[in-house]
file run30.tsv (TSV, C-alpha atoms)
chain	number	residue	atom	x	y	z
L	1	MET	CA	1.18	-47.52	33.60
L	2	LYS	CA	2.03	-47.14	29.92
L	3	LYS	CA	-1.68	-46.77	29.06
L	4	ILE	CA	-2.18	-44.02	31.66
L	5	PHE	CA	0.85	-42.14	30.32
L	6	LEU	CA	-0.48	-42.41	26.76
L	7	LEU	CA	-3.90	-41.17	27.87
L	8	LEU	CA	-2.30	-38.22	29.67
L	9	CYS	CA	-0.31	-37.39	26.55
L	10	ILE	CA	-3.44	-37.42	24.38
L	11	VAL	CA	-5.36	-35.24	26.87
L	12	ALA	CA	-2.48	-32.78	27.11
L	13	SER	CA	-2.01	-32.48	23.32
L	14	THR	CA	-5.78	-32.06	22.76
L	15	THR	CA	-5.84	-29.25	25.35
L	16	VAL	CA	-2.85	-27.50	23.70
L	17	THR	CA	-4.51	-27.73	20.24
L	18	ALA	CA	-7.78	-26.33	21.62
L	19	GLN	CA	-5.88	-23.53	23.37
L	20	ASN	CA	-3.95	-22.69	20.19
L	21	LYS	CA	-7.21	-22.52	18.25
L	22	ASP	CA	-8.53	-20.03	20.80
L	23	TYR	CA	-5.74	-17.63	19.92
L	24	ILE	CA	-5.66	-18.01	16.14
L	25	ILE	CA	-5.84	-14.67	14.34
L	26	SER	CA	-7.68	-14.71	11.03
L	27	MET	CA	-9.38	-12.16	8.78
L	28	GLU	CA	-12.60	-12.97	10.62
L	29	GLY	CA	-11.42	-12.56	14.21
L	30	ILE	CA	-9.49	-14.09	17.09
L	31	GLY	CA	-10.45	-17.64	18.06
L	32	ALA	CA	-14.18	-17.76	18.65
L	33	ILE	CA	-14.54	-13.97	18.72
L	34	LYS	CA	-15.58	-12.92	15.24
L	35	LEU	CA	-16.32	-9.68	13.42
L	36	ASN	CA	-20.07	-9.01	13.08
L	37	MET	CA	-20.78	-11.04	16.24
L	38	LYS	CA	-23.69	-9.58	18.15
L	39	GLN	CA	-23.25	-8.34	21.72
L	40	ALA	CA	-25.67	-11.03	22.94
L	41	GLU	CA	-23.69	-13.80	21.19
L	42	LEU	CA	-20.47	-12.51	22.72
L	43	GLU	CA	-22.01	-12.41	26.19
L	44	LYS	CA	-23.16	-16.02	25.72
L	45	LEU	CA	-19.67	-17.07	24.63
L	46	LEU	CA	-17.94	-15.32	27.52
L	47	LYS	CA	-20.70	-16.21	29.96
L	48	LYS	CA	-20.88	-12.67	31.25
L	49	LYS	CA	-22.44	-9.30	30.54
L	50	ILE	CA	-20.44	-6.85	28.41
L	51	PRO	CA	-21.60	-3.39	29.33
L	52	LEU	CA	-21.15	-0.86	26.54
L	53	THR	CA	-20.55	2.42	28.29
L	54	ASN	CA	-17.90	4.06	26.14
L	55	PRO	CA	-19.75	5.78	23.30
L	56	MET	CA	-17.28	6.77	20.58
L	57	ASP	CA	-19.61	9.38	19.16
L	58	THR	CA	-21.45	12.03	21.06
L	59	VAL	CA	-23.74	13.23	18.30
L	60	SER	CA	-26.03	10.23	17.98
L	61	GLY	CA	-25.74	8.71	21.45
L	62	SER	CA	-24.06	5.31	21.51
L	63	TRP	CA	-24.11	4.53	17.79
L	64	GLN	CA	-20.53	3.29	18.17
L	65	ASP	CA	-19.08	1.91	21.38
L	66	SER	CA	-16.12	-0.07	22.69
L	67	ALA	CA	-15.24	-2.54	25.42
L	68	LYS	CA	-12.14	-4.14	26.88
L	69	ILE	CA	-12.62	-7.81	27.60
L	70	ARG	CA	-10.69	-10.77	28.95
L	71	TYR	CA	-10.94	-13.86	26.73
L	72	LYS	CA	-9.08	-17.06	27.60
L	73	ASN	CA	-6.61	-15.06	29.69
L	74	ILE	CA	-5.81	-12.50	27.02
L	75	ASP	CA	-6.83	-8.85	26.83
L	76	ILE	CA	-8.85	-7.86	23.77
L	77	GLU	CA	-10.31	-4.53	22.79
L	78	LEU	CA	-13.54	-4.53	20.82
L	79	ARG	CA	-15.48	-1.86	18.98
L	80	PHE	CA	-19.18	-2.14	18.30
L	81	GLN	CA	-21.68	-0.50	16.05
L	82	ARG	CA	-25.46	-0.33	15.97
L	83	GLY	CA	-27.32	-2.58	13.55
L	84	TYR	CA	-30.96	-1.68	13.10
L	85	VAL	CA	-33.60	-4.40	12.88
L	86	THR	CA	-36.42	-1.89	12.51
L	87	ASN	CA	-36.49	1.90	12.78
L	88	ASP	CA	-36.53	1.82	16.56
L	89	SER	CA	-34.95	-1.54	17.36
L	90	PHE	CA	-31.24	-2.25	17.16
L	91	TYR	CA	-28.46	-4.52	18.38
L	92	MET	CA	-24.73	-3.88	18.80
L	93	PHE	CA	-22.25	-5.92	16.74
L	94	ILE	CA	-18.43	-6.18	16.63
L	95	THR	CA	-16.71	-4.06	13.95
L	96	TRP	CA	-13.10	-4.04	15.21
L	97	ILE	CA	-10.92	-6.40	17.27
L	98	GLY	CA	-7.51	-5.49	18.67
L	99	THR	CA	-4.92	-7.21	20.83
L	100	SER	CA	-1.23	-7.25	21.65
L	101	SER	CA	-1.15	-10.66	23.32
L	102	PRO	CA	1.92	-12.80	22.56
L	103	LEU	CA	-0.35	-15.87	22.71
L	104	CYS	CA	-2.12	-14.81	19.51
L	105	LYS	CA	-0.78	-16.03	16.17
L	106	THR	CA	-1.96	-16.36	12.60
L	107	ILE	CA	-2.24	-19.86	11.14
L	108	THR	CA	1.18	-19.30	9.50
L	109	GLY	CA	2.75	-18.46	12.85
L	110	ILE	CA	2.90	-14.67	12.69
L	111	GLY	CA	2.75	-13.31	16.19
L	112	ILE	CA	4.18	-10.59	18.38
L	113	GLY	CA	7.84	-10.12	17.39
L	114	SER	CA	7.44	-11.49	13.86
L	115	ASP	CA	9.40	-9.69	11.15
L	116	LYS	CA	7.97	-7.51	8.34
L	117	LEU	CA	9.41	-9.75	5.62
L	118	LYS	CA	7.84	-12.83	7.22
L	119	ILE	CA	4.42	-11.20	6.89
L	120	ILE	CA	5.04	-10.33	3.23
L	121	SER	CA	6.14	-13.90	2.45
L	122	ALA	CA	3.22	-15.42	4.38
L	123	TYR	CA	0.60	-13.46	2.47
L	124	ASP	CA	1.70	-14.08	-1.11
L	125	GLY	CA	-1.11	-13.22	-3.53
L	126	TYR	CA	-2.93	-11.00	-1.02
L	127	TYR	CA	-3.37	-7.22	-1.08
L	128	LEU	CA	-0.71	-5.75	1.18
L	129	SER	CA	-0.32	-2.13	2.14
L	130	ILE	CA	2.88	-1.20	3.96
L	131	GLN	CA	2.73	2.30	5.38
L	132	PRO	CA	4.90	4.38	7.66
L	133	SER	CA	3.08	5.83	10.67
L	134	TYR	CA	2.71	9.56	11.06
L	135	LEU	CA	2.94	11.56	14.23
L	136	PHE	CA	0.32	14.27	14.41
L	137	SER	CA	0.83	17.26	16.62
L	138	ASN	CA	-2.02	19.29	18.10
L	139	LYS	CA	-1.16	22.23	15.89
L	140	GLU	CA	-3.61	22.36	13.02
L	141	GLU	CA	-1.26	23.76	10.37
L	142	GLU	CA	1.67	21.49	11.16
L	143	ILE	CA	2.58	18.77	8.66
L	144	PRO	CA	2.53	15.34	10.35
L	145	GLU	CA	5.97	13.92	10.97
L	146	ARG	CA	6.80	10.48	9.59
L	147	SER	CA	7.74	8.05	12.34
L	148	LYS	CA	11.22	6.55	12.06
L	149	THR	CA	10.26	3.44	14.01
L	150	MET	CA	6.53	2.77	13.63
L	151	SER	CA	4.73	1.39	10.59
L	152	THR	CA	1.79	-0.82	9.64
L	153	ILE	CA	1.08	-3.66	7.23
L	154	SER	CA	-2.52	-4.31	6.31
L	155	VAL	CA	-3.44	-7.57	4.60
L	156	ARG	CA	-6.67	-8.55	2.85
L	157	LYS	CA	-7.79	-11.09	0.26
L	158	GLU	CA	-9.49	-8.64	-2.07
L	159	GLU	CA	-9.15	-4.93	-2.76
L	160	GLU	CA	-11.75	-4.33	-0.08
L	161	GLY	CA	-12.94	-6.43	2.81
L	162	TYR	CA	-11.83	-8.00	6.06
L	163	THR	CA	-8.35	-6.88	6.99
L	164	ILE	CA	-5.63	-7.82	9.45
L	165	LEU	CA	-3.50	-4.83	10.36
L	166	PHE	CA	-0.12	-5.52	11.91
L	167	ASN	CA	1.32	-2.64	13.90
L	168	LEU	CA	5.11	-2.71	13.74
L	169	PHE	CA	7.86	-1.16	15.82
L	170	LYS	CA	11.28	-1.35	14.18
L	171	ASN	CA	9.80	-3.82	11.66
L	172	LYS	CA	8.54	-6.25	14.33
L	173	VAL	CA	4.88	-6.88	15.14
L	174	VAL	CA	3.70	-5.28	18.38
L	175	SER	CA	-0.08	-5.57	18.01
L	176	PHE	CA	-2.89	-6.69	15.68
L	177	GLU	CA	-6.15	-5.17	14.53
L	178	ILE	CA	-8.92	-6.92	12.59
L	179	PHE	CA	-11.64	-4.93	10.84
L	180	PRO	CA	-13.47	-4.57	7.53
L	181	LEU	CA	-11.93	-1.97	5.21
L	182	TYR	CA	-13.71	-0.40	2.30
L	183	ASP	CA	-12.39	1.94	-0.39
L	184	ASP	CA	-14.05	5.10	0.89
L	185	GLU	CA	-12.33	4.62	4.27
L	186	GLU	CA	-8.78	4.59	2.86
D	1	MET	CA	50.09	7.06	-27.89
D	2	LYS	CA	49.48	6.75	-24.13
D	3	LYS	CA	47.84	10.17	-24.09
D	4	ILE	CA	45.50	9.20	-26.94
D	5	CYS	CA	44.53	6.00	-25.11
D	6	LEU	CA	43.84	7.91	-21.92
D	7	PHE	CA	41.78	10.47	-23.81
D	8	LEU	CA	39.76	7.75	-25.51
D	9	PHE	CA	39.23	5.96	-22.19
D	10	ILE	CA	37.98	9.15	-20.53
D	11	THR	CA	35.68	9.90	-23.47
D	12	VAL	CA	34.18	6.40	-23.43
D	13	ALA	CA	33.76	6.48	-19.63
D	14	LEU	CA	32.06	9.88	-19.76
D	15	GLN	CA	29.76	8.70	-22.53
D	16	ALA	CA	28.80	5.58	-20.58
D	17	PHE	CA	28.15	7.68	-17.49
D	18	ALA	CA	25.95	10.09	-19.47
D	19	GLN	CA	24.07	7.16	-21.04
D	20	ASN	CA	23.46	5.61	-17.62
D	21	LYS	CA	22.05	8.89	-16.40
D	22	ASP	CA	19.62	8.92	-19.34
D	23	TYR	CA	18.07	5.70	-18.09
D	24	ILE	CA	17.95	6.36	-14.36
D	25	ILE	CA	14.47	5.70	-12.96
D	26	SER	CA	13.44	8.02	-10.16
D	27	MET	CA	10.10	8.98	-8.65
D	28	GLU	CA	10.13	12.15	-10.75
D	29	GLY	CA	10.89	10.57	-14.10
D	30	LEU	CA	13.21	8.64	-16.37
D	31	GLY	CA	16.52	10.34	-17.16
D	32	THR	CA	15.73	13.76	-18.56
D	33	LEU	CA	12.03	12.89	-19.01
D	34	LYS	CA	10.46	14.51	-15.99
D	35	LEU	CA	6.87	14.14	-14.87
D	36	GLY	CA	5.14	17.51	-14.98
D	37	MET	CA	6.89	18.59	-18.20
D	38	THR	CA	4.66	20.19	-20.79
D	39	GLN	CA	4.21	18.73	-24.26
D	40	ALA	CA	6.18	21.70	-25.66
D	41	ASP	CA	9.09	21.08	-23.25
D	42	LEU	CA	9.17	17.44	-24.31
D	43	GLU	CA	9.06	18.21	-28.01
D	44	LYS	CA	12.03	20.52	-27.51
D	45	LEU	CA	13.91	17.92	-25.47
D	46	LEU	CA	13.26	15.09	-27.91
D	47	ASN	CA	13.56	17.32	-30.95
D	48	GLN	CA	10.38	15.88	-32.43
D	49	LYS	CA	6.66	16.62	-32.61
D	50	ILE	CA	4.50	14.54	-30.28
D	51	VAL	CA	1.12	13.75	-31.77
D	52	LEU	CA	-1.56	13.20	-29.16
D	53	ASP	CA	-4.43	11.32	-30.76
D	54	ASN	CA	-5.04	8.44	-28.39
D	55	HIS	CA	-7.66	9.94	-26.12
D	56	LEU	CA	-8.16	7.93	-22.97
D	57	ASP	CA	-11.49	9.60	-22.36
D	58	THR	CA	-14.27	10.32	-24.81
D	59	ILE	CA	-16.34	12.73	-22.78
D	60	ILE	CA	-14.16	15.79	-22.85
D	61	ASP	CA	-11.98	15.00	-25.86
D	62	SER	CA	-8.31	14.82	-25.09
D	63	TYR	CA	-8.31	15.47	-21.38
D	64	LEU	CA	-6.10	12.38	-21.05
D	65	ASP	CA	-3.90	11.16	-23.87
D	66	THR	CA	-0.94	8.90	-24.60
D	67	ALA	CA	1.92	8.69	-27.06
D	68	LYS	CA	4.39	5.92	-27.86
D	69	LEU	CA	7.82	7.09	-28.90
D	70	LYS	CA	11.55	6.50	-28.72
D	71	TYR	CA	13.65	8.12	-26.00
D	72	LYS	CA	17.41	7.61	-26.27
D	73	GLY	CA	16.84	4.42	-28.25
D	74	ILE	CA	14.27	2.83	-25.94
D	75	ASN	CA	10.51	2.52	-26.32
D	76	VAL	CA	8.45	4.55	-23.88
D	77	GLN	CA	4.77	5.21	-23.49
D	78	LEU	CA	3.96	8.66	-22.21
D	79	GLU	CA	0.71	9.76	-20.66
D	80	PHE	CA	-0.51	13.34	-20.60
D	81	ASN	CA	-3.33	15.25	-19.05
D	82	ARG	CA	-4.82	18.61	-19.76
D	83	SER	CA	-3.83	21.36	-17.38
D	84	TYR	CA	-5.54	24.74	-17.42
D	85	TYR	CA	-3.03	27.38	-16.38
D	86	ALA	CA	-5.38	30.26	-17.12
D	87	PRO	CA	-9.14	30.48	-17.84
D	88	ASN	CA	-9.84	28.49	-21.03
D	89	VAL	CA	-6.13	28.06	-21.80
D	90	PHE	CA	-4.45	24.72	-21.34
D	91	HIS	CA	-1.42	22.65	-22.21
D	92	MET	CA	-0.79	18.92	-21.91
D	93	ARG	CA	1.47	17.85	-19.04
D	94	LEU	CA	3.34	14.58	-18.68
D	95	ILE	CA	1.78	12.51	-15.87
D	96	GLY	CA	2.98	8.99	-16.72
D	97	ILE	CA	5.96	7.13	-18.19
D	98	ARG	CA	5.92	3.42	-18.99
D	99	ALA	CA	8.83	1.33	-20.21
D	100	SER	CA	10.24	-2.18	-20.09
D	101	SER	CA	13.80	-1.62	-21.27
D	102	PRO	CA	16.53	-3.49	-19.39
D	103	LEU	CA	18.68	-0.36	-19.74
D	104	CYS	CA	16.52	1.45	-17.19
D	105	LYS	CA	17.57	1.25	-13.54
D	106	THR	CA	16.86	3.01	-10.27
D	107	ALA	CA	19.81	4.51	-8.36
D	108	SER	CA	19.72	1.46	-6.10
D	109	GLY	CA	19.94	-0.89	-9.09
D	110	ILE	CA	16.32	-2.02	-9.47
D	111	SER	CA	15.63	-2.91	-13.08
D	112	ILE	CA	14.03	-5.56	-15.28
D	113	GLY	CA	14.55	-8.94	-13.60
D	114	THR	CA	14.96	-7.59	-10.05
D	115	ASP	CA	13.39	-9.72	-7.31
D	116	GLN	CA	10.42	-8.57	-5.16
D	117	LEU	CA	12.40	-8.87	-1.94
D	118	LYS	CA	15.14	-6.54	-3.21
D	119	ILE	CA	12.51	-3.92	-4.02
D	120	ILE	CA	10.97	-4.14	-0.56
D	121	THR	CA	14.32	-3.80	1.17
D	122	ALA	CA	15.40	-0.95	-1.15
D	123	TYR	CA	12.51	1.26	0.01
D	124	PRO	CA	12.25	0.57	3.76
D	125	ASN	CA	10.62	3.89	4.65
D	126	ASN	CA	8.24	4.49	1.76
D	127	GLY	CA	4.58	3.63	1.66
D	128	MET	CA	4.10	0.58	-0.56
D	129	VAL	CA	1.23	-1.50	-1.92
D	130	ILE	CA	1.70	-5.07	-3.18
D	131	GLN	CA	-1.23	-6.56	-5.03
D	132	PRO	CA	-2.04	-9.46	-7.33
D	133	GLY	CA	-2.41	-8.68	-11.05
D	134	TYR	CA	-1.19	-5.73	-13.08
D	135	TYR	CA	-2.76	-2.57	-11.78
D	136	ASN	CA	-4.15	-0.04	-14.21
D	137	TYR	CA	-6.77	2.66	-14.07
D	138	TYR	CA	-9.81	0.81	-15.17
D	139	GLU	CA	-9.36	-2.86	-14.52
D	140	THR	CA	-6.55	-4.82	-12.94
D	141	GLU	CA	-5.14	-7.40	-15.37
D	142	LYS	CA	-5.22	-10.67	-13.48
D	143	GLY	CA	-3.16	-13.75	-14.25
D	144	LYS	CA	-0.97	-16.38	-12.67
D	145	GLY	CA	2.27	-14.97	-11.33
D	146	LYS	CA	1.33	-11.35	-12.09
D	147	SER	CA	1.68	-8.76	-9.36
D	148	THR	CA	2.22	-5.04	-8.92
D	149	ILE	CA	4.27	-3.11	-6.39
D	150	SER	CA	3.41	0.56	-6.05
D	151	ILE	CA	5.92	2.68	-4.17
D	152	MET	CA	4.78	6.07	-2.93
D	153	ASP	CA	7.14	8.99	-2.58
D	154	ASP	CA	7.56	10.67	0.79
D	155	SER	CA	4.87	13.27	0.27
D	156	ALA	CA	2.20	10.83	-0.90
D	157	ASN	CA	0.95	10.13	2.61
D	158	GLN	CA	1.13	13.65	3.89
D	159	THR	CA	-1.54	16.26	3.95
D	160	LYS	CA	0.59	19.06	2.52
D	161	ALA	CA	-0.32	20.26	-0.96
D	162	GLY	CA	2.23	19.34	-3.61
D	163	ASN	CA	2.95	16.97	-6.47
D	164	THR	CA	2.87	13.31	-5.46
D	165	TYR	CA	4.65	10.53	-7.29
D	166	ILE	CA	4.26	6.76	-7.53
D	167	MET	CA	6.70	4.24	-8.96
D	168	ARG	CA	4.82	1.16	-10.08
D	169	LEU	CA	6.70	-2.06	-10.83
D	170	PHE	CA	4.98	-4.88	-12.69
D	171	LEU	CA	6.25	-8.34	-11.78
D	172	LEU	CA	5.93	-11.81	-13.24
D	173	ASN	CA	6.79	-14.59	-10.83
D	174	LYS	CA	8.22	-11.97	-8.47
D	175	LYS	CA	10.61	-10.47	-11.03
D	176	VAL	CA	10.21	-7.00	-12.56
D	177	VAL	CA	9.08	-7.06	-16.21
D	178	SER	CA	8.10	-3.41	-16.70
D	179	PHE	CA	7.52	-0.21	-14.79
D	180	GLU	CA	5.41	2.91	-14.72
D	181	LEU	CA	6.06	6.29	-13.13
D	182	LYS	CA	2.99	8.33	-12.27
D	183	ALA	CA	2.44	11.83	-10.95
D	184	GLN	CA	-0.48	13.54	-9.41
D	185	LEU	CA	0.31	17.16	-10.15
D	186	ILE	CA	-1.03	20.19	-8.37
D	187	ASP	CA	-3.43	22.43	-10.22
D	188	GLU	CA	-1.78	25.23	-12.19
D	189	ARG	CA	-4.89	27.37	-12.23
D	190	PRO	CA	-4.54	30.61	-10.34
D	191	ILE	CA	-6.70	30.77	-7.22
D	192	VAL	CA	-9.50	33.23	-7.83
D	193	ASP	CA	-11.13	34.93	-4.86
D	194	GLU	CA	-14.90	34.64	-5.01
call {"tool": "encode", "arguments": {"input": "run30.tsv", "output": "structure tokens"}}
result
Amino acid sequence: MKKIFLLLCIVASTTVTAQNKDYIISMEGIGAIKLNMKQAELEKLLKKKIPLTNPMDTVSGSWQDSAKIRYKNIDIELRFQRGYVTNDSFYMFITWIGTSSPLCKTITGIGIGSDKLKIISAYDGYYLSIQPSYLFSNKEEEIPERSKTMSTISVRKEEEGYTILFNLFKNKVVSFEIFPLYDDEE
Amino acid sequence: MKKICLFLFITVALQAFAQNKDYIISMEGLGTLKLGMTQADLEKLLNQKIVLDNHLDTIIDSYLDTAKLKYKGINVQLEFNRSYYAPNVFHMRLIGIRASSPLCKTASGISIGTDQLKIITAYPNNGMVIQPGYYNYYETEKGKGKSTISIMDDSANQTKAGNTYIMRLFLLNKKVVSFELKAQLIDERPIVDE
């Protein structure tokens, strides 16, 4: 009886660890879903087709696209971009990952509800940019209004590169974004 | 005797208050040194000639320049850039102030020795960048324990045209060791219709 109980404990803890790993947020992605992953690789991982039918640009067809997927019971939004193999042959690869699932956490335990100061302490020695959010109106001439409640913290290892962006509401994390950020995009 | 004591006390208190004001760090400057001032304004304020012979660029002579001098008994490094206010006519304007004096303080009490966390909590609504090393124009000075916090003023993230200011604090082991105030000033040149 004792042996069965021990076995059950081991199985249960292994499952929990595997599940936790599935939801780990890093600079590279969430769990097994990584930036730069090709559409075909993603479809293999999820064991289903991911149709890309939401072109983000209308000028050059579907050069950029997006999809909402379900991965290990969490909702994730993905953005894709064309990568050309030859002049007339291309594949789509992941350039942006976003989620607001409370199951997702960084390795240091930052998840939905975590405090701004916890993020700053967790990423000592990294490049951090803390910015208030701005509310843009539809009027062209109007100066955007600074939000009193919403802000962001972006974190990366170097001046440029893979970034985790924490969206905050009243200084608490409400969602995450992972993407590469380069100087000319800032 | 009591009256003399009171008078002396008031005089000393007023003097201390005035001195404190001279060293107040704000986004716009340090005490009466204000970013955007012209070289002539500064010379008048400091009652001394400022010699600009430390060109930061070699291509167009003294487009950028610096001067080290004393301001109210403390060492400051001032940075200037050339501003054309009419065709072919320019003056030098103050765009940067650097100092490491413990006399200098922000209104909220941030000064040499202040902890990183206090800085972050003192500016809860401003844009802020925290990075390893000491930031400067050309190359960030890296080293163990060195970091820089850059605090943007309110207008820095907006699209409206106007001067923008940055307060940059240099830290060693998360404590302030020096600071720099920088301004990006709007062009003084009159807009000419083509």
call {"tool": "closest_residue", "arguments": {"input": "run30.tsv", "among": "D:Ala107, D:Gln131, D:Lys68, D:Gly36", "to": "Lys49 in chain D", "atoms": "all atoms listed in the file"}}
result
D:Lys68
call {"tool": "closest_residue", "arguments": {"input": "run30.tsv", "among": "L:Lys105, L:Ser129, L:Ser154, L:Leu52", "to": "Lys21 in chain L", "atoms": "all atoms listed in the file"}}
result
L:Lys105
call {"tool": "residues_around", "arguments": {"input": "run30.tsv", "residues": "Leu165 in chain L", "least_positions_apart": "2", "cutoff": "8 Å", "atoms": "only C-alpha atoms", "output": "PDB file with C-alpha atoms, keeping the file's coordinate frame"}}
result
ATOM      1  CA  THR L 152       1.790  -0.820   9.640  1.00  0.00           C
ATOM      2  CA  ILE L 153       1.080  -3.660   7.230  1.00  0.00           C
ATOM      3  CA  SER L 154      -2.520  -4.310   6.310  1.00  0.00           C
ATOM      4  CA  VAL L 155      -3.440  -7.570   4.600  1.00  0.00           C
ATOM      5  CA  THR L 163      -8.350  -6.880   6.990  1.00  0.00           C
ATOM      6  CA  ASN L 167       1.320  -2.640  13.900  1.00  0.00           C
ATOM      7  CA  PHE L 176      -2.890  -6.690  15.680  1.00  0.00           C
ATOM      8  CA  GLU L 177      -6.150  -5.170  14.530  1.00  0.00           C
ATOM      9  CA  ILE L 178      -8.920  -6.920  12.590  1.00  0.00           C
TER      10      ILE L 178
END
call {"tool": "closest_atom_pairs", "arguments": {"input": "run30.tsv", "of": "chain D", "to": "chain L", "cutoff": "6 Å", "atoms": "all atoms listed in the file", "output": "CSV"}}
result
residue,atom,partner,partner_atom,distance
D:Gly127,CA,L:Gln131,CA,4.4
D:Met128,CA,L:Ile130,CA,5.0
D:Val129,CA,L:Ser129,CA,4.4
D:Ile130,CA,L:Leu128,CA,5.0
D:Gln131,CA,L:Tyr127,CA,4.5
D:Pro132,CA,L:Gly125,CA,5.4
call {"tool": "atom_distance", "arguments": {"input": "run30.tsv", "atom1": "CA of Gln116 in chain D", "atom2": "CA of Asn173 in chain D"}}
result
9.0 Å
call {"tool": "closest_residue", "arguments": {"input": "run30.tsv", "among": "D:Arg98, D:Lys70, D:Lys174, D:Lys34", "to": "Gly113 in chain D", "atoms": "all atoms listed in the file"}}
result
D:Lys174
call {"tool": "residues_around", "arguments": {"input": "run30.tsv", "residues": "Ile33 in chain L", "least_positions_apart": "3", "cutoff": "9 Å", "atoms": "all atoms listed in the file", "output": "PDB file with C-alpha atoms, keeping the file's coordinate frame"}}
result
ATOM      1  CA  ASP L  22      -8.530 -20.030  20.800  1.00  0.00           C
ATOM      2  CA  GLU L  28     -12.600 -12.970  10.620  1.00  0.00           C
ATOM      3  CA  GLY L  29     -11.420 -12.560  14.210  1.00  0.00           C
ATOM      4  CA  ILE L  30      -9.490 -14.090  17.090  1.00  0.00           C
ATOM      5  CA  MET L  37     -20.780 -11.040  16.240  1.00  0.00           C
ATOM      6  CA  LEU L  42     -20.470 -12.510  22.720  1.00  0.00           C
ATOM      7  CA  LEU L  45     -19.670 -17.070  24.630  1.00  0.00           C
ATOM      8  CA  TYR L  71     -10.940 -13.860  26.730  1.00  0.00           C
ATOM      9  CA  ILE L  94     -18.430  -6.180  16.630  1.00  0.00           C
ATOM     10  CA  ILE L  97     -10.920  -6.400  17.270  1.00  0.00           C
TER      11      ILE L  97
END
